[in-house]
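Visitor: Pasting a structure here, questions to come.
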Amino acid sequence: MKLYSKEKPMAAIESMKRTGRFPHAILLTGERGVGKRTFADYIAMTLMCEHGNACGECRNCKRILSGTHPDVIKPEKTGKKMLYNRETIRQVCCDAFVAPNDCDVKFYIFTDCESIEENSQNLMLKLIEEPPDTVCFIFTAVNANVFLPTIRSRVVTIGIPEASEEDCKAALADMGKYSQEQIDEAVMRFHGNIGCCEEYLSGGELSENVAFCREIIAAIADRNEYGLLKALYGVGDDRPRVRRVLELADKVIRDACMIRLGNIPLTGCDPEGAKRLSGTISRRRAEAIHDAINKTCSRCRGTANVPLEAASFASTVME
Ligand SMILES: [Zn+2]
């Protein structure tokens with residue numbers, strides 16, 4: 001199986017396998033889109049591959065990649081908030097003591113663990129402390145701190161890095177469905193983040209969010225309050241989405257400051273906007289906007305009224 005710019009975490013897994021000290025619980029951290037889920041499959045493949053090298057071709061590797069391997073279990077999230085609930089965790093705790101079906105080991109992969117509640121984590125703790133020999137848990141999360149310290153101290157944490165822009169372009173080209181022009185545009189906006197580039201090119205929410213973000217940045221650069229409100233109202237009143245758009249804008253604001261300071265690589269999705277903004281925005285104003293974004297995002301985690309938040313955000317930004 002081909003991975004891009006993952007030499008460091010691959011070497012870590014390889015060395016744990018070689019020395020026979022494979023952990024019972026691994027936490028993969030890194031930004032959304034960097035390939036944590038793919039890497040979780042890769043870890044299962046390194047232990048289960050019939051050729052011993054995560055070939056991607058043998059029966060075990062193929063079943064892992066298609067999500068049908070009976071010993072690679074991905075528990076389901078449930079409910080409106082899509083959480084791993086207590087019942088699911090309880091089932092895993094029982095099931096973990098049942099021997100694997102066809103391999104010497106079985107994996108439980110929990111993705112985006114931002115959604116494991118504290119009481120479910122406590123339920124799991126015992127299992128992670130004294131796991132059956134045949135079980136390995138893999139968790140993925142943006143930040144390790146979503147877990148209780150008691151869990152964190154018992155898992156091996158491996159950071160999954162973003163690919164280089166060059167590798168990201170190669171990965172998108174290898175998928176065989178995008179033109180060079182599409183690839184260049186996606187990498188200009190999402191740099192080495194292969195998952196975000198793919199999502200952007202699929203034309204779904206992320207590409208619309210980028211368009212909203214660009215409108216917001218243009219309005220800030222032009223000091224156009226009406227334009228800013230129009231862009232914000234355009235996003236709609238889905239609070240998590242408003243947050244996602246503002247987080248994109250925040251990175252562009254950061255880029256604008258970086259451009260003023262010199263040639264640090266940009267991380268945001270609107271490099272042209274950042275360049276324009278860097279000519280008009282003072283550092284103090286950038287900081288004030290960054291604070292306003294943080295405040296609005298944190299209110300949008302609660303039960304904020306989105307139109308009111310948008311209006312208050314726009315007036316703070318234009319001050
Ligand atoms: Zn294989």
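In the structure tokens, chains take letters A, B, ... by order of appearance, with residues numbered from 1 within each chain and ligands from 1 in the order shown.
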Could you list, as JSON, numbers by chain, all protein and nucleic acid residues with an atom at most 10 Å from ligand 1, counting only C-alpha atoms and all ligand atoms?

Guide: {"A": [1, 42, 45, 46, 47, 48, 49, 50, 51, 52, 53, 54, 55, 56, 57, 58, 59, 60, 61, 62, 63, 64]}

Visitor: For those residues, write N, CA and C atoms to a file as a compact mmCIF listing (two decimals), in the first residue's frame.

Guide:
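So out.txt came out as:
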```
# COMPACT_ATOMS: atom_id res chain seq x y z
N MET A 1 0.85 -1.19 0.00
CA MET A 1 0.00 0.00 0.00
C MET A 1 0.89 1.25 0.00
N TYR A 42 -3.40 0.85 7.67
CA TYR A 42 -2.02 0.42 7.40
C TYR A 42 -1.45 -0.34 8.60
N MET A 45 -2.80 -3.73 8.61
CA MET A 45 -2.19 -4.50 7.51
C MET A 45 -0.78 -4.97 7.84
N THR A 46 -0.01 -4.12 8.56
CA THR A 46 1.37 -4.54 8.86
C THR A 46 1.37 -5.81 9.72
N LEU A 47 0.35 -6.00 10.56
CA LEU A 47 0.33 -7.21 11.39
C LEU A 47 -0.41 -8.37 10.74
N MET A 48 -1.28 -8.08 9.80
CA MET A 48 -2.13 -9.15 9.26
C MET A 48 -1.77 -9.58 7.86
N CYS A 49 -0.97 -8.78 7.16
CA CYS A 49 -0.63 -9.06 5.75
C CYS A 49 0.00 -10.45 5.61
N GLU A 50 -0.46 -11.20 4.62
CA GLU A 50 0.08 -12.55 4.40
C GLU A 50 1.53 -12.49 3.94
N HIS A 51 1.95 -11.37 3.38
CA HIS A 51 3.35 -11.23 2.96
C HIS A 51 4.17 -10.44 3.97
N GLY A 52 3.55 -10.04 5.04
CA GLY A 52 4.27 -9.35 6.12
C GLY A 52 4.71 -7.93 5.79
N ASN A 53 4.16 -7.34 4.72
CA ASN A 53 4.64 -5.99 4.38
C ASN A 53 3.52 -5.03 3.98
N ALA A 54 2.31 -5.25 4.51
CA ALA A 54 1.17 -4.37 4.16
C ALA A 54 1.09 -4.18 2.65
N CYS A 55 1.07 -5.33 1.93
CA CYS A 55 1.19 -5.27 0.47
C CYS A 55 -0.01 -4.62 -0.21
N GLY A 56 -1.18 -4.72 0.42
CA GLY A 56 -2.37 -4.15 -0.23
C GLY A 56 -2.99 -5.10 -1.24
N GLU A 57 -2.38 -6.24 -1.47
CA GLU A 57 -2.83 -7.15 -2.54
C GLU A 57 -3.38 -8.48 -2.00
N CYS A 58 -2.85 -8.95 -0.86
CA CYS A 58 -3.25 -10.28 -0.37
C CYS A 58 -4.70 -10.22 0.16
N ARG A 59 -5.22 -11.41 0.51
CA ARG A 59 -6.61 -11.50 0.94
C ARG A 59 -6.86 -10.64 2.18
N ASN A 60 -5.96 -10.72 3.15
CA ASN A 60 -6.17 -9.93 4.37
C ASN A 60 -6.12 -8.43 4.10
N CYS A 61 -5.09 -8.00 3.35
CA CYS A 61 -4.97 -6.57 3.05
C CYS A 61 -6.22 -6.07 2.31
N LYS A 62 -6.65 -6.86 1.31
CA LYS A 62 -7.81 -6.43 0.53
C LYS A 62 -9.05 -6.30 1.40
N ARG A 63 -9.23 -7.28 2.33
CA ARG A 63 -10.41 -7.20 3.18
C ARG A 63 -10.32 -6.01 4.15
N ILE A 64 -9.10 -5.69 4.58
CA ILE A 64 -8.96 -4.51 5.46
C ILE A 64 -9.33 -3.25 4.68
```

Visitor: Where does DSSP see helix (DSSP H, G or I) in region 89-316 of chain A, if you list the residues as a ChimeraX atom specification?

Guide: /A:89-95,113-115,118-129,144-146,149-152,165-174,180-190,194-201,205-221,225-235,239-261,271-280,283-301,306-316

Visitor: Considering only C-alpha atoms, return as an MDAnalysis selection string whatever protein or nucleic-acid residues lie within 7 Å of region 71-82 of chain A, sequence-local ones (same chain, fewer than 5 positions apart) excluded.

Guide: chainID A and resid 64 100:101 106:110

Visitor: I need the chosen residues saved as a PDB file, in the first residue's frame, with C-alpha atoms.

Guide:
```pdb
ATOM      1  CA  ILE A  64      -8.962  -4.513   5.456  1.00  0.00           C
ATOM      2  CA  PRO A 100     -10.015 -13.368  16.699  1.00  0.00           C
ATOM      3  CA  ASN A 101     -11.726 -15.042  13.715  1.00  0.00           C
ATOM      4  CA  LYS A 106      -7.844  -8.184  16.236  1.00  0.00           C
ATOM      5  CA  PHE A 107      -8.111  -4.449  15.929  1.00  0.00           C
ATOM      6  CA  TYR A 108     -10.745  -2.031  17.110  1.00  0.00           C
ATOM      7  CA  ILE A 109     -10.499   1.270  15.283  1.00  0.00           C
ATOM      8  CA  PHE A 110     -12.255   4.301  16.786  1.00  0.00           C
TER       9      PHE A 110
END
```

Visitor: What's the 9 Å shell around Arg276 (chain A), counting only C-alpha atoms, without same-chain residues fewer than 6 positions away, as a VMD selection string?

Guide: chain A and resid 218 221 256

Visitor: Could you write those residues out with N, CA and C atoms, as a PDB file, in the first residue's frame?

Guide:
```pdb
ATOM      1  N   ALA A 218     -12.185  38.956   1.457  1.00  0.00           N
ATOM      2  CA  ALA A 218     -12.253  40.112   0.561  1.00  0.00           C
ATOM      3  C   ALA A 218     -12.981  41.267   1.254  1.00  0.00           C
ATOM      4  N   ALA A 221     -10.726  42.866   3.783  1.00  0.00           N
ATOM      5  CA  ALA A 221      -9.694  43.674   3.121  1.00  0.00           C
ATOM      6  C   ALA A 221     -10.272  44.990   2.612  1.00  0.00           C
ATOM      7  N   ALA A 256      -1.882  36.245   6.421  1.00  0.00           N
ATOM      8  CA  ALA A 256      -1.658  37.656   6.091  1.00  0.00           C
ATOM      9  C   ALA A 256      -0.586  38.244   7.010  1.00  0.00           C
TER      10      ALA A 256
END
```

Visitor: Just give me the gap between CA of Ser164 (chain A) and CA of Ser5 (chain A) in Å, one decimal is fine.

Guide: 6.5 Å

Visitor: Residues of region 4-74 of chain A within 7 Å of region 121-140 of chain A: nearest atom pair and distance (Å, one decimal) for each, counting only C-alpha atoms, sorted by chain and number, as JSON lines?

Guide:
```
{"residue": "A:His24", "atom": "CA", "partner": "A:Cys136", "partner_atom": "CA", "distance": 4.4}
{"residue": "A:Ala25", "atom": "CA", "partner": "A:Phe137", "partner_atom": "CA", "distance": 4.5}
{"residue": "A:Ile26", "atom": "CA", "partner": "A:Ile138", "partner_atom": "CA", "distance": 4.8}
{"residue": "A:Leu27", "atom": "CA", "partner": "A:Phe139", "partner_atom": "CA", "distance": 4.7}
{"residue": "A:Leu28", "atom": "CA", "partner": "A:Thr140", "partner_atom": "CA", "distance": 4.7}
{"residue": "A:Thr29", "atom": "CA", "partner": "A:Thr140", "partner_atom": "CA", "distance": 5.8}
{"residue": "A:Lys36", "atom": "CA", "partner": "A:Thr140", "partner_atom": "CA", "distance": 6.3}
{"residue": "A:Ala40", "atom": "CA", "partner": "A:Ile138", "partner_atom": "CA", "distance": 6.7}
```

Visitor: Enumerate, in order of chain and increasing residue number, the residues of region 226-286 of chain A with an atom no farther than 12 Å from region 193-200 of chain A, each with its shortest atom pair and distance in Å to one decimal, counting only C-alpha atoms, as JSON lines.

Guide:
```
{"residue": "A:Leu248", "atom": "CA", "partner": "A:Cys196", "partner_atom": "CA", "distance": 11.9}
{"residue": "A:Thr267", "atom": "CA", "partner": "A:Asn193", "partner_atom": "CA", "distance": 10.0}
{"residue": "A:Gly268", "atom": "CA", "partner": "A:Asn193", "partner_atom": "CA", "distance": 11.2}
{"residue": "A:Cys269", "atom": "CA", "partner": "A:Cys197", "partner_atom": "CA", "distance": 10.3}
```

Visitor: How many Å lie between CA of Lys169 (chain A) and CA of Tyr4 (chain A), rounded to one decimal?

Guide: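 Spanning CA of Lys169 (chain A) to CA of Tyr4 (chain A) is a straight-line distance of 10.0 Å.
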
Visitor: As a ChimeraX atom specification, list the residues of region 50-188 of chain A assigned to strand (DSSP E) by DSSP on the backbone atoms of this structure.

Guide: /A:72-73,106-110,135-141,156-159

Visitor: If you count only C-alpha atoms, which residues fall within 9 Å of Tyr226 (chain A), apart from same-chain ones fewer than 5 positions away, as a compact mmCIF listing (two decimals) with C-alpha atoms, in the first residue's frame?

Guide:
```txt
# COMPACT_ATOMS: atom_id res chain seq x y z
CA ALA A 219 -14.85 41.98 2.64
CA ALA A 231 -21.04 36.25 3.21
CA ALA A 314 -19.15 41.87 11.62
```

Visitor: Near Asp270 (chain A), within 12 Å and counting only C-alpha atoms, which residues show up once chain neighbours fewer than 4 positions away are dropped, as JSON, numbers by chain?

Guide: {"A": [185, 186, 187, 188, 189, 190, 191, 207, 209, 210, 211, 212, 213, 214, 215, 216, 217, 218, 248, 249, 250, 251, 252, 253, 254, 255, 256, 266, 274, 275, 276, 277]}

Visitor: From the options A:Leu148, A:Leu3, A:Ile183, A:Cys257, which residue's atoms come nearest to Val34 (chain A), counting only C-alpha atoms?

Guide: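 For Val34 (chain A), the nearest of the given residues is A:Leu3.
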
Visitor: Go through A:Ser298, A:Asn224, A:Asn305, A:Thr38 and flag the residue nearest Asp238 (chain A), using only C-alpha atoms for the distances.

Guide: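 The shortest atom-to-atom distance to Asp238 (chain A) comes from A:Asn305.
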
Visitor: Which value, in Å to one decimal, gives the distance between CA of Ile158 (chain A) and CA of Pro9 (chain A)?

Guide: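 Separating CA of Ile158 (chain A) from CA of Pro9 (chain A) is a distance of 6.6 Å.
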